[in-house]
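Note: the block below is entry36.cif and it holds mmCIF, C-alpha atoms.
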```
data_entry
#
loop_
_atom_site.label_atom_id
_atom_site.label_comp_id
_atom_site.auth_asym_id
_atom_site.auth_seq_id
_atom_site.Cartn_x
_atom_site.Cartn_y
_atom_site.Cartn_z
CA TYR A 1 86.45 106.00 108.75
CA SER A 2 88.97 106.64 111.50
CA VAL A 3 89.22 105.47 115.10
CA SER A 4 91.34 107.29 117.67
CA SER A 5 90.47 105.36 120.80
CA PRO A 6 91.50 103.31 122.68
CA LYS A 7 94.57 105.41 123.38
CA ASN A 8 97.05 102.58 122.81
CA LEU A 9 96.40 102.02 119.10
CA ASP A 10 99.46 100.90 117.21
CA MET A 11 100.38 98.55 114.38
CA SER A 12 99.99 95.48 116.64
CA THR A 13 96.22 96.08 116.37
CA LEU A 14 96.47 95.35 112.65
CA GLU A 15 99.09 92.59 112.93
CA LYS A 16 96.70 90.38 114.91
CA ALA A 17 93.63 91.11 112.75
CA SER A 18 93.79 87.86 110.79
CA ARG A 19 93.86 85.84 114.05
CA VAL A 20 91.32 87.82 116.09
CA GLY A 21 89.00 88.82 113.25
CA VAL A 22 89.33 91.73 110.88
CA ALA A 23 85.98 93.36 111.73
CA LYS A 24 86.71 93.19 115.46
CA SER A 25 90.31 94.40 115.18
CA LEU A 26 89.28 97.34 113.01
CA PHE A 27 86.33 98.20 115.29
CA MET A 28 83.89 97.68 112.39
CA ASP A 29 81.53 95.87 114.76
CA GLN A 30 81.32 99.01 116.94
CA LEU A 31 80.23 101.41 114.19
CA PRO A 32 76.55 102.41 114.01
CA ASN A 33 74.24 99.89 112.34
CA LYS A 34 73.83 100.20 108.59
CA TYR A 35 77.26 101.82 108.20
CA PHE A 36 78.32 98.49 106.71
CA ASP A 37 76.27 95.41 105.98
CA GLN A 38 76.23 93.70 109.38
CA GLY A 39 77.44 90.45 107.81
CA VAL A 40 80.94 91.95 107.80
CA SER A 41 81.44 90.78 111.39
CA LYS A 42 80.93 87.17 110.22
CA ALA A 43 82.69 87.49 106.87
CA ASP A 44 85.36 85.03 105.80
CA LEU A 45 88.90 86.28 105.37
CA ILE A 46 89.77 85.55 101.74
CA SER A 47 93.22 87.13 101.72
CA GLY A 48 95.42 89.53 103.62
CA ARG A 49 98.73 91.22 102.97
CA THR A 50 100.93 94.12 104.01
CA VAL A 51 101.97 96.85 101.60
CA ARG A 52 104.51 99.63 102.06
CA LYS A 53 103.66 102.92 100.38
CA PRO A 54 105.70 106.14 100.24
CA ILE A 55 104.50 109.16 102.20
CA LYS A 56 105.84 112.69 102.60
CA SER A 57 107.72 113.24 105.83
CA SER A 58 109.68 116.17 107.18
CA GLU A 59 111.35 113.86 109.72
CA VAL A 60 113.29 111.84 107.14
CA GLU A 61 116.15 112.99 104.93
CA GLY A 62 114.81 113.35 101.40
CA GLY A 63 111.29 114.00 102.65
CA VAL A 64 109.90 110.54 101.81
CA ASP A 65 109.15 107.79 104.32
CA GLU A 66 107.15 104.55 104.16
CA GLN A 67 103.78 103.79 105.71
CA VAL A 68 102.69 100.18 106.24
CA TYR A 69 99.14 99.32 105.17
CA TYR A 70 97.29 96.10 105.93
CA GLU A 71 94.91 95.02 103.19
CA PHE A 72 92.18 92.43 103.68
CA ASP A 73 89.63 90.88 101.34
CA LEU A 74 86.50 89.73 103.18
CA ALA A 75 83.38 88.06 101.83
CA PHE A 76 80.23 86.38 103.09
CA ALA A 77 77.45 84.27 101.65
CA PRO A 78 73.74 85.05 101.94
CA LEU A 79 71.77 83.65 104.87
CA GLU A 80 69.54 81.67 102.51
CA CYS A 81 70.62 80.02 99.31
CA PRO A 82 67.88 78.98 96.89
CA ASP A 83 68.81 75.82 95.02
CA TYR A 84 69.42 75.43 91.32
CA ASN A 85 65.83 74.33 90.61
CA GLU A 86 64.55 77.60 92.10
CA GLY A 87 66.50 79.66 89.60
CA ASN A 88 69.80 80.13 91.43
CA LYS A 89 72.32 79.26 88.70
CA GLU A 90 75.27 79.62 91.08
CA ASN A 91 74.13 76.98 93.58
CA LEU A 92 75.61 73.82 92.15
CA GLY A 93 74.52 71.62 95.06
CA LEU A 94 77.94 71.58 96.70
CA GLY A 95 76.60 72.38 100.18
CA PHE A 96 77.47 76.07 100.25
CA CYS A 97 76.31 79.21 98.52
CA PRO A 98 78.72 81.56 96.69
CA TYR A 99 79.61 84.86 98.32
CA ASP A 100 77.27 87.74 97.64
CA LYS A 101 79.04 90.60 99.50
CA ILE A 102 82.72 91.48 99.23
CA PHE A 103 84.64 93.95 101.37
CA LEU A 104 88.06 95.29 100.42
CA VAL A 105 89.73 96.86 103.44
CA SER A 106 92.92 98.89 103.67
CA ALA A 107 94.04 100.07 107.11
CA THR A 108 96.99 101.77 108.75
CA VAL A 109 97.82 103.52 112.01
CA LEU A 110 99.01 107.12 111.82
CA ASN A 111 101.08 107.93 114.90
CA ASP A 112 100.91 111.22 116.75
CA GLU A 113 103.90 113.59 116.82
CA LYS A 114 105.43 111.76 119.79
CA GLY A 115 105.09 108.41 118.02
CA LYS A 116 103.28 106.83 120.96
CA SER A 117 99.63 106.45 120.08
CA GLY A 118 97.86 106.78 116.82
CA THR A 119 94.71 106.97 114.80
CA LEU A 120 93.46 103.94 112.92
CA MET A 121 92.59 104.95 109.36
CA CYS A 122 90.48 102.56 107.26
CA CYS A 123 89.22 102.60 103.72
CA VAL A 124 86.49 100.06 102.99
CA ILE A 125 84.91 99.24 99.65
CA GLU A 126 81.74 97.18 99.89
CA CYS A 127 80.28 95.60 96.75
CA ASP A 128 77.88 92.89 95.71
CA LYS A 129 78.47 90.06 93.23
CA ALA A 130 77.45 92.04 90.15
CA GLU A 131 79.62 95.05 91.08
CA TRP A 132 82.54 92.72 91.82
CA LYS A 133 82.28 90.96 88.46
CA MET A 134 82.10 94.29 86.65
CA GLY A 135 84.97 96.13 88.31
CA ASN A 136 87.20 93.90 90.44
CA SER A 137 90.36 94.42 88.38
CA ASP A 138 89.98 98.21 88.58
CA ILE A 139 89.01 98.22 92.25
CA LYS A 140 92.04 96.18 93.35
CA ARG A 141 94.55 98.60 91.80
#
```

Would you kindly transcribe this structure into C-alpha coordinates?
Amino acid sequence: YSVSSPKNLDMSTLEKASRVGVAKSLFMDQLPNKYFDQGVSKADLISGRTVRKPIKSSEVEGGVDEQVYYEFDLAFAPLECPDYNEGNKENLGLGFCPYDKIFLVSATVLNDEKGKSGTLMCCVIECDKAEWKMGNSDIKR
(Lines of atoms letter the chains of each structure in order from A and count residues from 1; the text may use other names and numbers.)
(Lines give C-alpha, C1' and ligand atoms only; values in the text may rest on other atoms or scores of the structure.)
Protein backbone atom coordinates (compact mmCIF):
# COMPACT_ATOMS: atom_id res chain seq x y z
CA TYR A 1 0.00 0.00 0.00
CA SER A 2 1.07 3.61 -0.35
CA VAL A 3 0.22 6.77 1.58
CA SER A 4 0.73 10.23 0.10
CA SER A 5 -0.77 12.38 2.82
CA PRO A 6 -0.08 14.18 5.07
CA LYS A 7 1.92 16.41 2.75
CA ASN A 8 5.02 16.50 4.95
CA LEU A 9 5.97 12.81 4.72
CA ASP A 10 9.68 12.22 4.88
CA MET A 11 12.12 9.71 6.33
CA SER A 12 11.64 11.10 9.87
CA THR A 13 8.23 9.39 9.81
CA LEU A 14 10.02 6.05 9.61
CA GLU A 15 12.91 6.97 11.91
CA LYS A 16 10.55 7.41 14.86
CA ALA A 17 8.43 4.31 14.13
CA SER A 18 10.07 2.13 16.77
CA ARG A 19 9.39 4.77 19.46
CA VAL A 20 5.88 5.85 18.43
CA GLY A 21 4.64 2.49 17.16
CA VAL A 22 5.13 0.94 13.76
CA ALA A 23 1.43 0.56 12.91
CA LYS A 24 0.72 4.18 13.84
CA SER A 25 3.77 5.61 12.05
CA LEU A 26 2.97 3.68 8.88
CA PHE A 27 -0.73 4.63 9.04
CA MET A 28 -1.71 0.94 9.24
CA ASP A 29 -4.29 1.80 11.89
CA GLN A 30 -6.04 4.15 9.42
CA LEU A 31 -6.55 1.60 6.64
CA PRO A 32 -10.01 0.06 6.20
CA ASN A 33 -10.86 -2.78 8.58
CA LYS A 34 -9.89 -6.27 7.48
CA TYR A 35 -7.05 -4.95 5.30
CA PHE A 36 -4.76 -6.35 7.99
CA ASP A 37 -5.59 -8.32 11.09
CA GLN A 38 -6.51 -5.55 13.53
CA GLY A 39 -4.07 -6.94 16.10
CA VAL A 40 -1.28 -5.27 14.12
CA SER A 41 -1.90 -2.03 16.01
CA LYS A 42 -1.08 -3.84 19.27
CA ALA A 43 1.68 -6.06 17.92
CA ASP A 44 5.06 -6.28 19.62
CA LEU A 45 8.10 -5.01 17.78
CA ILE A 46 10.42 -8.01 17.49
CA SER A 47 13.15 -6.36 15.44
CA GLY A 48 13.84 -3.37 13.24
CA ARG A 49 16.65 -2.32 10.95
CA THR A 50 17.55 -0.04 8.08
CA VAL A 51 18.74 -1.35 4.73
CA ARG A 52 20.20 0.54 1.78
CA LYS A 53 19.30 -0.82 -1.64
CA PRO A 54 20.42 0.39 -5.08
CA ILE A 55 17.90 2.11 -7.34
CA LYS A 56 18.12 3.56 -10.84
CA SER A 57 18.46 7.33 -10.90
CA SER A 58 19.03 9.79 -13.70
CA GLU A 59 20.11 12.41 -11.14
CA VAL A 60 23.29 10.60 -10.10
CA GLU A 61 26.41 9.98 -12.16
CA GLY A 62 26.46 6.31 -13.13
CA GLY A 63 22.68 6.07 -12.92
CA VAL A 64 22.56 4.22 -9.58
CA ASP A 65 21.60 5.73 -6.24
CA GLU A 66 20.62 4.27 -2.85
CA GLN A 67 17.20 4.14 -1.25
CA VAL A 68 16.87 3.62 2.51
CA TYR A 69 14.29 1.05 3.63
CA TYR A 70 13.10 0.47 7.18
CA GLU A 71 12.26 -3.14 7.95
CA PHE A 72 10.23 -4.22 10.97
CA ASP A 73 9.19 -7.62 12.30
CA LEU A 74 5.96 -7.44 14.32
CA ALA A 75 4.06 -10.21 16.08
CA PHE A 76 1.16 -10.64 18.47
CA ALA A 77 -0.30 -13.40 20.59
CA PRO A 78 -3.91 -14.57 20.48
CA LEU A 79 -6.45 -12.97 22.81
CA GLU A 80 -7.10 -16.32 24.50
CA CYS A 81 -4.54 -19.00 25.17
CA PRO A 82 -5.84 -22.46 26.03
CA ASP A 83 -3.57 -24.23 28.48
CA TYR A 84 -1.54 -27.35 27.89
CA ASN A 85 -4.23 -29.65 29.34
CA GLU A 86 -6.71 -28.35 26.74
CA GLY A 87 -4.50 -29.46 23.88
CA ASN A 88 -2.34 -26.38 23.35
CA LYS A 89 1.14 -27.92 23.16
CA GLU A 90 2.81 -24.49 22.91
CA ASN A 91 1.47 -23.13 26.21
CA LEU A 92 4.08 -24.28 28.69
CA GLY A 93 2.52 -22.45 31.64
CA LEU A 94 4.98 -19.57 31.55
CA GLY A 95 2.29 -16.88 31.80
CA PHE A 96 2.17 -15.90 28.14
CA CYS A 97 1.05 -17.46 24.89
CA PRO A 98 3.34 -17.74 21.84
CA TYR A 99 2.76 -15.40 18.91
CA ASP A 100 0.23 -16.55 16.35
CA LYS A 101 0.45 -13.71 13.77
CA ILE A 102 3.64 -12.30 12.30
CA PHE A 103 3.98 -9.20 10.13
CA LEU A 104 7.09 -8.43 8.09
CA VAL A 105 7.08 -4.79 7.04
CA SER A 106 9.38 -2.95 4.65
CA ALA A 107 8.81 0.78 4.15
CA THR A 108 10.45 3.74 2.45
CA VAL A 109 9.55 7.27 1.40
CA LEU A 110 9.84 8.15 -2.29
CA ASN A 111 10.35 11.89 -2.66
CA ASP A 112 8.73 13.98 -5.36
CA GLU A 113 10.83 15.64 -8.08
CA LYS A 114 11.51 18.67 -5.86
CA GLY A 115 12.66 16.43 -3.01
CA LYS A 116 10.30 18.08 -0.52
CA SER A 117 7.45 15.71 0.20
CA GLY A 118 7.01 12.11 -0.61
CA THR A 119 4.90 9.01 -0.78
CA LEU A 120 5.20 6.34 1.88
CA MET A 121 5.52 2.94 0.22
CA CYS A 122 4.98 -0.18 2.34
CA CYS A 123 5.17 -3.87 1.67
CA VAL A 124 3.60 -6.05 4.36
CA ILE A 125 3.63 -9.83 4.60
CA GLU A 126 1.18 -11.24 7.13
CA CYS A 127 1.41 -14.90 8.13
CA ASP A 128 0.30 -17.25 10.86
CA LYS A 129 2.42 -19.65 12.90
CA ALA A 130 2.19 -22.54 10.44
CA GLU A 131 3.08 -20.35 7.43
CA TRP A 132 5.97 -18.82 9.40
CA LYS A 133 7.41 -22.22 10.34
CA MET A 134 7.15 -23.40 6.75
CA GLY A 135 8.67 -20.44 4.92
CA ASN A 136 10.40 -17.95 7.22
CA SER A 137 13.87 -18.40 5.76
CA ASP A 138 12.57 -17.80 2.22
CA ILE A 139 10.31 -14.91 3.22
CA LYS A 140 13.10 -12.97 4.97
CA ARG A 141 15.36 -12.95 1.90

Applied to this file, what does the PyMOL selection byres ((chain A and resi 67) around 7) return in terms of residues, put as a PyMOL selection string? chain A and resi 52-55+65-66+68-69

Write out as a PDB file with C-alpha atoms, keeping the file's coordinate frame which residues come within 7 Å of A:Val109 when counting only C-alpha atoms, dropping same-chain ones fewer than 4 positions away.
```
ATOM      1  CA  ASP A  10      99.460 100.900 117.210  1.00  0.00           C
ATOM      2  CA  MET A  11     100.380  98.550 114.380  1.00  0.00           C
ATOM      3  CA  GLY A 118      97.860 106.780 116.820  1.00  0.00           C
ATOM      4  CA  THR A 119      94.710 106.970 114.800  1.00  0.00           C
ATOM      5  CA  LEU A 120      93.460 103.940 112.920  1.00  0.00           C
ATOM      6  CA  MET A 121      92.590 104.950 109.360  1.00  0.00           C
TER       7      MET A 121
END
```

So that I can see what lies close to A:Leu26, please list as a PyMOL selection string the residues with an atom at most 12 Å from it, counting all atoms listed in the file and leaving out residues fewer than 6 positions away in the same chain. chain A and resi 1-6+9-18+20+40-41+70-72+105-109+119-124

Dump of C-alpha atoms for the selected residues, as a short mmCIF file (atom, residue, chain, number, x, y, z; two decimals), in the frame of the given file:
```cif
data_model
loop_
_atom_site.label_atom_id
_atom_site.label_comp_id
_atom_site.auth_asym_id
_atom_site.auth_seq_id
_atom_site.Cartn_x
_atom_site.Cartn_y
_atom_site.Cartn_z
CA TYR A 1 86.45 106.00 108.75
CA SER A 2 88.97 106.64 111.50
CA VAL A 3 89.22 105.47 115.10
CA SER A 4 91.34 107.29 117.67
CA SER A 5 90.47 105.36 120.80
CA PRO A 6 91.50 103.31 122.68
CA LEU A 9 96.40 102.02 119.10
CA ASP A 10 99.46 100.90 117.21
CA MET A 11 100.38 98.55 114.38
CA SER A 12 99.99 95.48 116.64
CA THR A 13 96.22 96.08 116.37
CA LEU A 14 96.47 95.35 112.65
CA GLU A 15 99.09 92.59 112.93
CA LYS A 16 96.70 90.38 114.91
CA ALA A 17 93.63 91.11 112.75
CA SER A 18 93.79 87.86 110.79
CA VAL A 20 91.32 87.82 116.09
CA VAL A 40 80.94 91.95 107.80
CA SER A 41 81.44 90.78 111.39
CA TYR A 70 97.29 96.10 105.93
CA GLU A 71 94.91 95.02 103.19
CA PHE A 72 92.18 92.43 103.68
CA VAL A 105 89.73 96.86 103.44
CA SER A 106 92.92 98.89 103.67
CA ALA A 107 94.04 100.07 107.11
CA THR A 108 96.99 101.77 108.75
CA VAL A 109 97.82 103.52 112.01
CA THR A 119 94.71 106.97 114.80
CA LEU A 120 93.46 103.94 112.92
CA MET A 121 92.59 104.95 109.36
CA CYS A 122 90.48 102.56 107.26
CA CYS A 123 89.22 102.60 103.72
CA VAL A 124 86.49 100.06 102.99
#
```

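Between atom CA of A:Pro98 and atom CA of A:Pro32 the separation is 27.2 Å.
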
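Atom CA of A:Leu104 sits 15.3 Å away from atom CA of A:Ala77.
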
Selection as an MDAnalysis selection string: residues within 10 Å of (77.6, 90.8, 108.6), counting only C-alpha atoms: chainID A and resid 23 29 36:43 75:79 101
